[in-house]
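See below for query-v4.cif, which holds mmCIF, C-alpha atoms.
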data_work
#
loop_
_atom_site.label_atom_id
_atom_site.label_comp_id
_atom_site.auth_asym_id
_atom_site.auth_seq_id
_atom_site.Cartn_x
_atom_site.Cartn_y
_atom_site.Cartn_z
CA MET V 596 -7.98 -11.53 20.23
CA ILE V 597 -9.88 -8.77 18.49
CA LYS V 598 -13.13 -9.77 16.78
CA VAL V 599 -13.16 -9.26 13.00
CA ASN V 600 -16.29 -9.50 10.85
CA LYS V 601 -15.83 -10.64 7.26
CA HIS V 602 -18.50 -9.32 4.90
CA GLY V 603 -17.44 -11.26 1.84
CA ILE V 604 -16.90 -10.16 -1.76
CA ILE V 605 -18.16 -6.70 -2.68
CA LEU V 606 -16.68 -6.34 -6.18
CA GLN V 607 -15.76 -8.88 -8.86
CA LYS V 608 -14.34 -8.85 -12.37
CA THR V 609 -16.70 -8.32 -15.32
CA THR V 610 -16.64 -9.14 -19.01
CA LEU V 611 -15.48 -5.60 -19.81
CA GLY V 612 -12.15 -5.65 -21.58
CA PHE V 613 -10.19 -3.67 -19.02
CA GLU V 614 -11.23 -5.77 -16.01
CA ASN V 615 -11.98 -9.25 -17.30
CA GLU V 616 -9.11 -10.96 -15.45
CA ALA V 617 -9.35 -9.49 -11.94
CA VAL V 618 -10.27 -6.54 -9.74
CA LEU V 619 -8.29 -6.05 -6.55
CA ASN V 620 -6.43 -3.83 -4.08
CA PRO V 621 -8.70 -0.76 -3.98
CA ALA V 622 -8.07 2.76 -2.75
CA ALA V 623 -11.03 4.10 -0.79
CA ILE V 624 -11.97 7.54 0.41
CA GLN V 625 -15.09 8.32 2.38
CA GLU V 626 -17.27 11.40 2.04
CA GLY V 627 -20.25 11.24 4.36
CA ASN V 628 -22.22 8.09 3.68
CA LYS V 629 -20.50 7.53 0.33
CA VAL V 630 -17.25 5.68 -0.34
CA HIS V 631 -15.32 6.39 -3.54
CA MET V 632 -13.35 3.32 -4.58
CA PHE V 633 -10.50 3.33 -7.09
CA TYR V 634 -9.44 -0.23 -7.78
CA ARG V 635 -6.83 -2.09 -9.76
CA ALA V 636 -8.44 -3.62 -12.85
CA VAL V 637 -6.55 -6.35 -14.72
CA THR V 638 -6.90 -7.55 -18.30
CA LYS V 639 -4.90 -10.14 -20.24
CA ASN V 640 -1.10 -10.20 -20.03
CA ASN V 641 -1.35 -8.78 -16.50
CA TYR V 642 -1.96 -5.26 -17.78
CA SER V 643 -3.56 -3.06 -15.11
CA SER V 644 -5.51 0.18 -15.10
CA ILE V 645 -7.57 1.85 -12.38
CA GLY V 646 -11.33 1.50 -12.31
CA TYR V 647 -13.88 3.35 -10.21
CA CYS V 648 -17.08 2.57 -8.33
CA LEU V 649 -19.19 4.37 -5.74
CA LEU V 650 -20.55 2.78 -2.58
CA GLU V 651 -23.58 3.80 -0.54
CA GLY V 652 -22.60 2.97 3.02
CA PRO V 653 -19.67 0.63 3.47
CA LEU V 654 -20.82 -2.32 1.36
CA THR V 655 -23.31 -1.43 -1.39
CA VAL V 656 -22.05 -0.55 -4.87
CA ILE V 657 -24.47 1.94 -6.45
CA SER V 658 -22.52 2.91 -9.57
CA ARG V 659 -19.51 1.71 -11.51
CA LYS V 660 -17.69 3.15 -14.50
CA ASP V 661 -17.41 0.95 -17.57
CA THR V 662 -14.02 2.38 -18.59
CA PRO V 663 -10.87 2.95 -16.53
CA VAL V 664 -10.38 6.35 -14.91
CA LEU V 665 -6.57 6.10 -14.99
CA PHE V 666 -4.58 4.17 -17.56
CA THR V 667 -1.20 4.04 -19.28
CA GLN V 668 -0.03 7.37 -20.71
CA PHE V 669 3.71 7.39 -20.08
CA PRO V 670 6.61 4.94 -20.58
CA TYR V 671 7.16 4.45 -16.83
CA GLU V 672 3.67 2.88 -16.59
CA SER V 673 3.61 1.06 -19.93
CA GLN V 674 2.64 -2.27 -18.37
CA GLY V 675 0.01 -0.69 -16.16
CA LEU V 676 -1.06 1.10 -12.98
CA GLU V 677 -1.35 -1.08 -9.88
CA ASP V 678 -2.55 -1.02 -6.27
CA PRO V 679 -3.79 2.56 -5.71
CA ARG V 680 -4.20 4.32 -2.36
CA ILE V 681 -5.82 7.70 -1.77
CA VAL V 682 -5.97 10.44 0.87
CA LYS V 683 -7.16 14.03 0.96
CA ILE V 684 -4.68 16.59 2.30
CA GLU V 685 -6.29 19.99 2.69
CA ASP V 686 -8.13 20.56 -0.61
CA THR V 687 -6.23 18.05 -2.74
CA TYR V 688 -6.63 14.33 -3.25
CA TYR V 689 -3.38 12.36 -3.47
CA LEU V 690 -3.74 9.07 -5.33
CA THR V 691 -0.61 6.94 -5.30
CA TYR V 692 -0.09 3.80 -7.34
CA THR V 693 2.62 1.44 -8.51
CA ALA V 694 3.72 2.24 -12.05
CA TYR V 695 4.97 -0.86 -13.86
CA ASP V 696 6.85 -0.83 -17.15
CA GLY V 697 7.43 -4.57 -17.40
CA ILE V 698 10.73 -4.39 -15.50
CA ASN V 699 10.48 -1.65 -12.88
CA ALA V 700 7.74 -1.29 -10.25
CA LEU V 701 7.87 2.20 -8.75
CA GLY V 702 5.62 4.51 -6.73
CA ALA V 703 3.84 7.25 -8.69
CA LEU V 704 1.41 10.03 -7.82
CA ALA V 705 -1.66 11.65 -9.35
CA THR V 706 -3.54 14.52 -7.73
CA SER V 707 -7.09 15.78 -8.09
CA LYS V 708 -9.41 18.47 -6.76
CA ASP V 709 -12.65 16.69 -7.66
CA LEU V 710 -11.95 12.93 -7.99
CA ILE V 711 -12.78 13.24 -11.69
CA HIS V 712 -9.81 14.99 -13.26
CA PHE V 713 -6.36 13.70 -12.23
CA ASP V 714 -3.00 15.30 -12.86
CA LYS V 715 -0.19 12.75 -13.01
CA LYS V 716 2.92 13.95 -11.19
CA GLY V 717 5.09 11.03 -12.28
CA LEU V 718 7.34 8.79 -10.24
CA ILE V 719 8.02 10.06 -6.72
CA VAL V 720 10.41 7.34 -5.53
CA PRO V 721 14.09 7.21 -6.48
CA LEU V 722 15.42 5.93 -9.79
CA LEU V 723 18.28 4.05 -8.19
CA THR V 724 20.04 0.85 -9.17
CA PHE V 725 20.34 -1.89 -6.58
CA VAL V 726 24.13 -1.46 -6.54
CA ASP V 727 23.90 2.28 -5.87
CA PHE V 728 21.25 1.73 -3.21
CA LEU V 729 23.43 -0.81 -1.41
CA ARG V 730 26.48 1.46 -1.61
CA LEU V 731 24.59 4.33 -0.01
CA ALA V 732 22.60 2.34 2.55
CA GLU V 733 25.60 0.39 3.82
CA SER V 734 27.92 3.37 4.10
CA LYS V 735 27.38 3.48 7.89
CA SER V 736 26.39 -0.08 8.78
CA LYS V 737 25.37 -3.35 7.17
CA LEU V 738 21.76 -3.77 6.10
CA ASN V 739 19.63 -6.76 6.93
CA GLN V 740 20.61 -9.44 4.40
CA LYS V 741 16.96 -9.70 3.36
CA TYR V 742 17.46 -6.48 1.39
CA ILE V 743 19.85 -8.39 -0.84
CA ARG V 744 17.66 -11.48 -0.96
CA TYR V 745 14.54 -9.61 -2.09
CA ASN V 746 16.07 -6.94 -4.32
CA GLU V 747 19.20 -8.30 -5.97
CA HIS V 748 17.14 -10.46 -8.37
CA ASN V 749 16.40 -7.41 -10.50
CA ARG V 750 20.03 -7.44 -11.60
CA ALA V 751 19.04 -10.30 -13.92
CA TYR V 752 17.55 -7.64 -16.21
CA GLU V 753 20.71 -5.57 -16.44
CA ASP V 754 22.08 -7.30 -19.51
CA SER V 755 18.88 -6.49 -21.41
CA GLY V 756 20.00 -2.93 -22.03
CA GLU V 757 16.97 -1.60 -20.15
CA GLU V 758 17.19 0.76 -17.19
CA VAL V 759 16.77 -1.42 -14.09
CA TYR V 760 15.91 0.23 -10.77
CA LEU V 761 15.33 -0.81 -7.19
CA TRP V 762 11.64 -1.65 -6.71
CA ASP V 763 9.96 0.84 -4.39
CA LYS V 764 6.21 0.26 -3.95
CA ASN V 765 3.28 0.71 -1.54
CA VAL V 766 3.52 4.49 -1.32
CA VAL V 767 0.94 5.64 1.22
CA PHE V 768 0.50 9.25 2.33
CA PHE V 769 -0.57 10.36 5.79
CA PRO V 770 -3.99 12.04 5.44
CA ARG V 771 -2.89 15.38 6.87
CA LYS V 772 0.25 17.39 7.25
CA ILE V 773 2.20 16.86 10.47
CA ASP V 774 3.61 20.15 11.80
CA GLY V 775 2.92 21.62 8.39
CA LYS V 776 4.91 18.96 6.55
CA ILE V 777 3.98 16.08 4.24
CA SER V 778 4.86 12.50 5.22
CA PHE V 779 4.43 9.18 3.47
CA LEU V 780 5.27 5.52 3.83
CA HIS V 781 6.91 3.42 1.13
CA ARG V 782 8.33 -0.07 0.88
CA ILE V 783 11.63 -1.49 -0.23
CA LYS V 784 11.50 -5.13 0.84
CA PRO V 785 11.53 -6.37 3.54
CA ASP V 786 10.64 -3.32 5.69
CA ILE V 787 8.32 -0.31 5.65
CA GLN V 788 10.20 2.98 5.36
CA ILE V 789 8.98 6.53 5.97
CA VAL V 790 9.63 9.91 4.40
CA VAL V 791 8.92 12.64 6.92
CA ALA V 792 8.72 16.40 6.93
CA ILE V 793 8.93 17.50 3.32
CA ASP V 794 7.36 20.74 2.17
CA SER V 795 6.27 19.51 -1.25
CA ILE V 796 6.70 16.70 -3.75
CA GLU V 797 9.30 18.84 -5.53
CA ASP V 798 11.61 18.22 -2.56
CA LEU V 799 12.07 14.60 -3.70
CA THR V 800 15.16 15.26 -5.80
CA PRO V 801 17.98 12.78 -6.53
CA GLU V 802 20.05 14.61 -3.90
CA PHE V 803 17.23 14.14 -1.35
CA TRP V 804 17.16 10.39 -1.94
CA GLN V 805 20.94 10.05 -1.81
CA ASN V 806 21.00 11.72 1.61
CA TYR V 807 17.99 9.68 2.68
CA PHE V 808 19.63 6.35 1.93
CA LEU V 809 22.83 7.39 3.67
CA ARG V 810 20.69 7.25 6.83
CA MET V 811 18.56 4.30 5.74
CA ASN V 812 18.22 2.71 9.18
CA ASP V 813 16.75 5.91 10.61
CA TYR V 814 13.81 5.68 8.22
CA ILE V 815 12.77 2.07 8.77
CA VAL V 816 9.49 2.55 10.60
CA LEU V 817 8.43 -1.11 10.81
CA ALA V 818 10.38 -4.32 10.19
CA PRO V 819 9.11 -7.92 10.24
CA LYS V 820 8.82 -9.15 13.81
CA TYR V 821 6.30 -11.97 14.21
CA ASP V 822 5.85 -15.32 12.47
CA HIS V 823 2.94 -14.17 10.28
CA GLU V 824 5.07 -11.33 8.83
CA VAL V 825 8.50 -12.91 9.02
CA ASN V 826 9.38 -12.65 5.31
CA TYR V 827 8.41 -9.07 4.55
CA ILE V 828 5.80 -6.40 5.21
CA GLY V 829 4.35 -3.46 3.30
CA ALA V 830 2.25 -0.38 3.92
CA GLY V 831 -1.44 -1.04 3.34
CA CYS V 832 -4.22 1.44 4.11
CA PRO V 833 -3.57 5.13 4.71
CA PRO V 834 -2.90 5.76 8.42
CA ILE V 835 -5.95 6.56 10.56
CA GLU V 836 -5.61 9.23 13.21
CA THR V 837 -6.71 8.18 16.72
CA GLU V 838 -6.04 9.67 20.13
CA ALA V 839 -3.60 6.84 20.82
CA GLY V 840 -1.63 7.26 17.59
CA TRP V 841 -1.73 6.65 13.87
CA LEU V 842 -3.41 3.31 13.24
CA LEU V 843 -1.69 1.53 10.37
CA ILE V 844 -3.29 -1.47 8.70
CA TYR V 845 -0.51 -3.14 6.70
CA HIS V 846 0.21 -6.50 5.10
CA GLY V 847 2.57 -9.14 6.43
CA VAL V 848 3.90 -12.11 4.49
CA HIS V 849 5.20 -15.49 5.56
CA ASP V 850 6.32 -18.45 3.49
CA THR V 851 4.72 -21.88 3.68
CA ILE V 852 4.94 -25.13 1.72
CA LYS V 853 2.00 -23.78 -0.31
CA GLY V 854 3.74 -20.47 -1.04
CA TYR V 855 3.50 -17.01 0.48
CA VAL V 856 0.55 -16.13 2.71
CA TYR V 857 -0.50 -12.45 2.90
CA SER V 858 -2.29 -11.31 6.06
CA ALA V 859 -3.69 -7.99 7.30
CA CYS V 860 -1.78 -6.64 10.29
CA ALA V 861 -2.10 -3.63 12.63
CA ALA V 862 0.25 -1.23 14.40
CA LEU V 863 0.21 2.19 16.07
CA LEU V 864 2.67 4.97 15.22
CA ASP V 865 3.32 8.11 17.24
CA LEU V 866 1.07 11.03 16.27
CA LYS V 867 3.77 13.71 16.37
CA ASN V 868 6.65 11.55 15.19
CA PRO V 869 5.34 8.69 13.06
CA GLN V 870 8.86 7.28 12.75
CA LEU V 871 8.20 5.80 16.20
CA GLU V 872 6.30 2.54 16.63
CA ILE V 873 4.04 2.55 19.70
CA ALA V 874 2.43 -0.87 19.48
CA ARG V 875 1.84 -3.81 17.16
CA LEU V 876 -0.49 -6.79 17.20
CA PRO V 877 1.51 -9.99 17.73
CA TYR V 878 -0.99 -11.88 15.57
CA PRO V 879 -2.61 -11.10 12.21
CA LEU V 880 -5.70 -8.91 12.28
CA PHE V 881 -7.13 -11.28 9.69
CA PHE V 882 -5.74 -13.83 7.25
CA PRO V 883 -6.81 -16.00 4.31
CA GLU V 884 -9.37 -18.55 5.44
CA MET V 885 -12.39 -18.15 3.17
CA GLN V 886 -12.58 -19.70 -0.27
CA TRP V 887 -12.42 -16.29 -1.97
CA GLU V 888 -9.14 -15.57 -0.11
CA LEU V 889 -7.58 -19.00 -0.53
CA LYS V 890 -8.08 -19.52 -4.28
CA GLY V 891 -7.62 -17.01 -7.09
CA GLU V 892 -5.03 -15.48 -9.39
CA VAL V 893 -2.63 -15.69 -6.44
CA ASN V 894 -3.71 -17.99 -3.64
CA ASN V 895 -3.72 -17.16 0.08
CA VAL V 896 -3.88 -13.37 -0.11
CA CYS V 897 -5.55 -10.72 2.04
CA PHE V 898 -4.06 -7.40 0.87
CA PRO V 899 -5.59 -4.36 2.67
CA THR V 900 -5.45 -1.01 0.88
CA GLY V 901 -8.41 1.17 1.94
CA THR V 902 -10.75 1.90 4.83
CA ALA V 903 -13.98 3.69 5.73
CA LEU V 904 -15.30 4.49 9.20
CA PHE V 905 -19.01 4.28 10.01
CA ASP V 906 -19.66 5.20 13.65
CA ASP V 907 -17.09 3.04 15.49
CA GLU V 908 -16.91 0.31 12.86
CA LEU V 909 -13.81 0.40 10.68
CA TYR V 910 -14.35 -1.25 7.29
CA ILE V 911 -11.20 -2.55 5.64
CA TYR V 912 -11.21 -3.14 1.89
CA TYR V 913 -8.77 -5.67 0.58
CA GLY V 914 -7.72 -7.68 -2.43
CA ALA V 915 -8.70 -11.34 -1.95
CA ALA V 916 -6.50 -13.90 -3.70
CA ASP V 917 -5.50 -11.16 -6.19
CA GLU V 918 -8.79 -11.62 -8.05
CA ARG V 919 -11.64 -9.88 -6.21
CA ILE V 920 -12.34 -7.19 -3.63
CA ALA V 921 -13.67 -8.11 -0.20
CA CYS V 922 -14.34 -6.28 3.05
CA ALA V 923 -13.79 -6.97 6.73
CA SER V 924 -14.67 -4.76 9.69
CA VAL V 925 -13.63 -4.27 13.28
CA SER V 926 -14.49 -1.93 16.13
CA LEU V 927 -11.99 0.93 15.92
CA SER V 928 -12.01 1.61 19.66
CA GLU V 929 -11.59 -2.07 20.51
CA LEU V 930 -8.74 -2.43 18.03
CA VAL V 931 -6.89 0.53 19.51
CA GLN V 932 -7.38 -0.80 23.03
CA GLU V 933 -6.16 -4.21 21.93
CA LEU V 934 -3.06 -2.69 20.36
CA LEU V 935 -2.27 -0.80 23.55
CA GLN V 936 -1.93 -4.14 25.30
CA PHE V 937 1.15 -4.77 23.17
CA GLN V 938 3.09 -1.54 23.44
CA LYS V 939 6.69 -1.54 22.32
CA THR V 940 9.13 -1.57 25.22
#
Would you mind giving the structure from this file in structure tokens?
Amino acid sequence: MIKVNKHGIILQKTTLGFENEAVLNPAAIQEGNKVHMFYRAVTKNNYSSIGYCLLEGPLTVISRKDTPVLFTQFPYESQGLEDPRIVKIEDTYYLTYTAYDGINALGALATSKDLIHFDKKGLIVPLLTFVDFLRLAESKSKLNQKYIRYNEHNRAYEDSGEEVYLWDKNVVFFPRKIDGKISFLHRIKPDIQIVVAIDSIEDLTPEFWQNYFLRMNDYIVLAPKYDHEVNYIGAGCPPIETEAGWLLIYHGVHDTIKGYVYSACAALLDLKNPQLEIARLPYPLFFPEMQWELKGEVNNVCFPTGTALFDDELYIYYGAADERIACASVSLSELVQELLQFQKT
């Protein structure tokens, strides 16, 4: 098994009003020896905004803003902005997050040229009811019944008179264009899906999504396979380009008598066609075992969302028990070699 080093908690909640309940699930982007971290900050009533801090090296916080850098401005995010991820494609930073309005949790996008000023582009996933999704996705063949199990519950809101949509979260962009096209991962439980080869965000029209879901099975890039991820999985950190393929650190979930357990997992996707899985670890990369991972706002959670690479050491930033931010690291070369021992046949 691959050796993982756990470095402990690197960021905790403060007494500031916007982050006095929890800090978790950070986006991270590295520039030289600095790491910019955009994290989910939680205040009372589970309202989230996005805070910011700067790290020197992989572990040392040298500055931290005392107000959120992104916060509610539109109805689709009225209950907050959650779980950001960030990449830089050419000269533009793409920061994705889950916009929550109290009923719907949907992937949204903000872009920036300087990591200071962000332009919100709105929701980039489909506004689709569960019934319409099922009608489209099952037009060719039946879906895994877990899609019904994990998504039909939202129908309970339908009598409220509110617009109720299929939850589509964990939007994670690839950090460069592939053959000149933009690609990103997203998650409708229980699998990770992929959008490949679009020219721009403007391509994501209602017609695009209708055609996409007519071929739903073609766009499932990873599905639960092993015991530690048997319930559902979700995209985690932005993919990392290696000679062997795109390294994806994602989260896997399994149910226990103490509730769900969230672990960090690893897979390789094909460089030219990331719809193809090359390899996957048959065991979790790391899992809740330390006190800060076992007890918190939600117990038993390691939720990876950002990375930084220093020499050959890959630092993985993750939400620990939905209350604090911690870091683990692993040799990138050793992890890739370990993955190649478990290539998909």
| query | Do you know which residues the PyMOL selection byres ((chain V and resi 855) around 12) returns on this file, as a ChimeraX atom specification? | reply | /V:823-828,846-854,856-858,882-883,889,893-897,916
Q) Pick the closest to Ile783 (chain V) from V:Glu884, V:Glu797, V:Asp763, V:Glu685: which is it, counting all atoms listed in the file? A)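 So, comparing all the options, the nearest one is V:Asp763.
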### Message
Excluding region 598-610 of chain V and its own-chain neighbours fewer than 3 positions away, which residues fall within 6 Å of it when counting all atoms listed in the file? Please give them as a list in words.
### Response
Glu614, Asn615, Ala617, Val618, Arg919, Ile920, Ala921, Cys922, Ala923, Ser924 and Val925 of chain V
Resulting file, chosen residues, C-alpha atoms, as a JSON list (two decimals), keeping the file's coordinate frame:
[["chain", "number", "residue", "atom", "x", "y", "z"],
["V", 614, "GLU", "CA", -11.23, -5.77, -16.01],
["V", 615, "ASN", "CA", -11.98, -9.25, -17.30],
["V", 617, "ALA", "CA", -9.35, -9.49, -11.94],
["V", 618, "VAL", "CA", -10.27, -6.54, -9.74],
["V", 919, "ARG", "CA", -11.64, -9.88, -6.21],
["V", 920, "ILE", "CA", -12.34, -7.19, -3.63],
["V", 921, "ALA", "CA", -13.67, -8.11, -0.20],
["V", 922, "CYS", "CA", -14.34, -6.28, 3.05],
["V", 923, "ALA", "CA", -13.79, -6.97, 6.73],
["V", 924, "SER", "CA", -14.67, -4.76, 9.69],
["V", 925, "VAL", "CA", -13.63, -4.27, 13.28]]
Q) Can you list, as a list in words, every protein, DNA or RNA residue that comes within 8 Å of Leu619 (chain V) when you count all atoms listed in the file, leaving out same-chain residues fewer than 5 positions away? A)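 The residues satisfying every condition are Tyr634, Arg635, Ala636, Asp678, Tyr913, Gly914, Ala915, Asp917, Glu918, Arg919 and Ile920 of chain V.
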The residue from V:Lys772, V:Phe669, V:Val682, V:Val664 with the smallest atom-to-atom distance to His712 (chain V), counting all atoms listed in the file, is V:Val664
* Which distance in Å separates CA of Glu677 (chain V) and CA of Ala694 (chain V), to one decimal? ->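 Atom-to-atom, CA of Glu677 (chain V) to CA of Ala694 (chain V), that is 6.4 Å.
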### Query
Got a sec: who's within 12 Å of Val816 (chain V), counting only C-alpha atoms, leaving out chain neighbours fewer than 4 positions off, as JSON, numbers by chain?
{"V": [779, 780, 781, 782, 783, 785, 786, 787, 788, 789, 790, 791, 811, 812, 828, 829, 830, 843, 862, 863, 864, 865, 868, 869, 870, 871, 872, 873, 874, 875]}
Residue nearest Asn746 (chain V) - candidates V:Asn765, V:Ser734, V:Thr724, V:Asn620, atoms counted: only C-alpha atoms: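 Residue with the minimum atom-to-atom distance to Asn746 (chain V): V:Thr724.
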List, as a PyMOL selection string, every residue that the PyMOL selection byres ((chain V and resi 904-911) around 9) selects in the file provided. chain V and resi 625+628+652-654+832+844+899-903+912-913+921-928
The PyMOL selection byres ((chain V and resi 632) around 9) applied to the shown file, residues as a compact mmCIF listing (two decimals) with C-alpha atoms, in the frame of the given file:
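Wrote result_28.txt, looks like this:
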# COMPACT_ATOMS: atom_id res chain seq x y z
CA PRO V 621 -8.70 -0.76 -3.98
CA ALA V 622 -8.07 2.76 -2.75
CA ALA V 623 -11.03 4.10 -0.79
CA ILE V 624 -11.97 7.54 0.41
CA GLN V 625 -15.09 8.32 2.38
CA VAL V 630 -17.25 5.68 -0.34
CA HIS V 631 -15.32 6.39 -3.54
CA PHE V 633 -10.50 3.33 -7.09
CA TYR V 634 -9.44 -0.23 -7.78
CA GLY V 646 -11.33 1.50 -12.31
CA TYR V 647 -13.88 3.35 -10.21
CA CYS V 648 -17.08 2.57 -8.33
CA LEU V 649 -19.19 4.37 -5.74
CA LEU V 650 -20.55 2.78 -2.58
CA GLY V 901 -8.41 1.17 1.94
To one decimal place, how far is CA of Ile681 (chain V) from CA of Pro770 (chain V) in Å?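 Between CA of Ile681 (chain V) and CA of Pro770 (chain V) the gap is 8.6 Å.
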Of V:Trp804, V:Tyr745, V:Tyr695, V:Phe666, the one sitting nearest Ile719 (chain V) when using all atoms listed in the file is V:Trp804
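Rounded to one decimal, CA of Thr667 (chain V) and CA of Thr706 (chain V) lie 15.8 Å from each other.
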Edge lengths and centre in Å, axis-aligned, region 809-818 of chain V plus 5 Å each side, as lines of an AutoDock Vina configuration file:
center_x = 15.6
center_y = 1.5
center_z = 7.2
size_x = 24.4
size_y = 21.7
size_z = 17.1
For Phe713 (chain V), please output as a VMD selection string all residues within 10 Å (counting only C-alpha atoms; exclusion window: fewer than 4 positions along the same chain). chain V and resid 664 to 665 688 to 690 704 to 709
For the selection just defined, write its residues with C-alpha atoms to a file, as a PDB file, keeping the file's coordinate frame.
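The result, written out as out10.pdb:
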ATOM      1  CA  VAL V 664     -10.380   6.350 -14.910  1.00  0.00           C
ATOM      2  CA  LEU V 665      -6.570   6.100 -14.990  1.00  0.00           C
ATOM      3  CA  TYR V 688      -6.630  14.330  -3.250  1.00  0.00           C
ATOM      4  CA  TYR V 689      -3.380  12.360  -3.470  1.00  0.00           C
ATOM      5  CA  LEU V 690      -3.740   9.070  -5.330  1.00  0.00           C
ATOM      6  CA  LEU V 704       1.410  10.030  -7.820  1.00  0.00           C
ATOM      7  CA  ALA V 705      -1.660  11.650  -9.350  1.00  0.00           C
ATOM      8  CA  THR V 706      -3.540  14.520  -7.730  1.00  0.00           C
ATOM      9  CA  SER V 707      -7.090  15.780  -8.090  1.00  0.00           C
ATOM     10  CA  LYS V 708      -9.410  18.470  -6.760  1.00  0.00           C
ATOM     11  CA  ASP V 709     -12.650  16.690  -7.660  1.00  0.00           C
TER      12      ASP V 709
END
Which polymer residues, whether protein, DNA or RNA, lie within 12 Å of the coordinate (20.9, -6.4, 3.0) when you count all atoms listed in the file? List them as a ChimeraX atom specification, using the chain letters and numbers from the file. /V:725-726,728-733,736-747,783-786,811-812
Exercise: residues within 6 Å of coordinate (4.5, -1.2, -6.5), counting all atoms listed in the file, as a compact mmCIF listing (two decimals) with C-alpha atoms, in the frame of the given file:
# COMPACT_ATOMS: atom_id res chain seq x y z
CA THR V 693 2.62 1.44 -8.51
CA ALA V 700 7.74 -1.29 -10.25
CA LEU V 701 7.87 2.20 -8.75
CA GLY V 702 5.62 4.51 -6.73
CA LYS V 764 6.21 0.26 -3.95
CA ASN V 765 3.28 0.71 -1.54
From the list V:Val931, V:Ile773, V:Ala859, V:Val767, the nearest residue to Phe898 (chain V) using only C-alpha atoms is V:Ala859
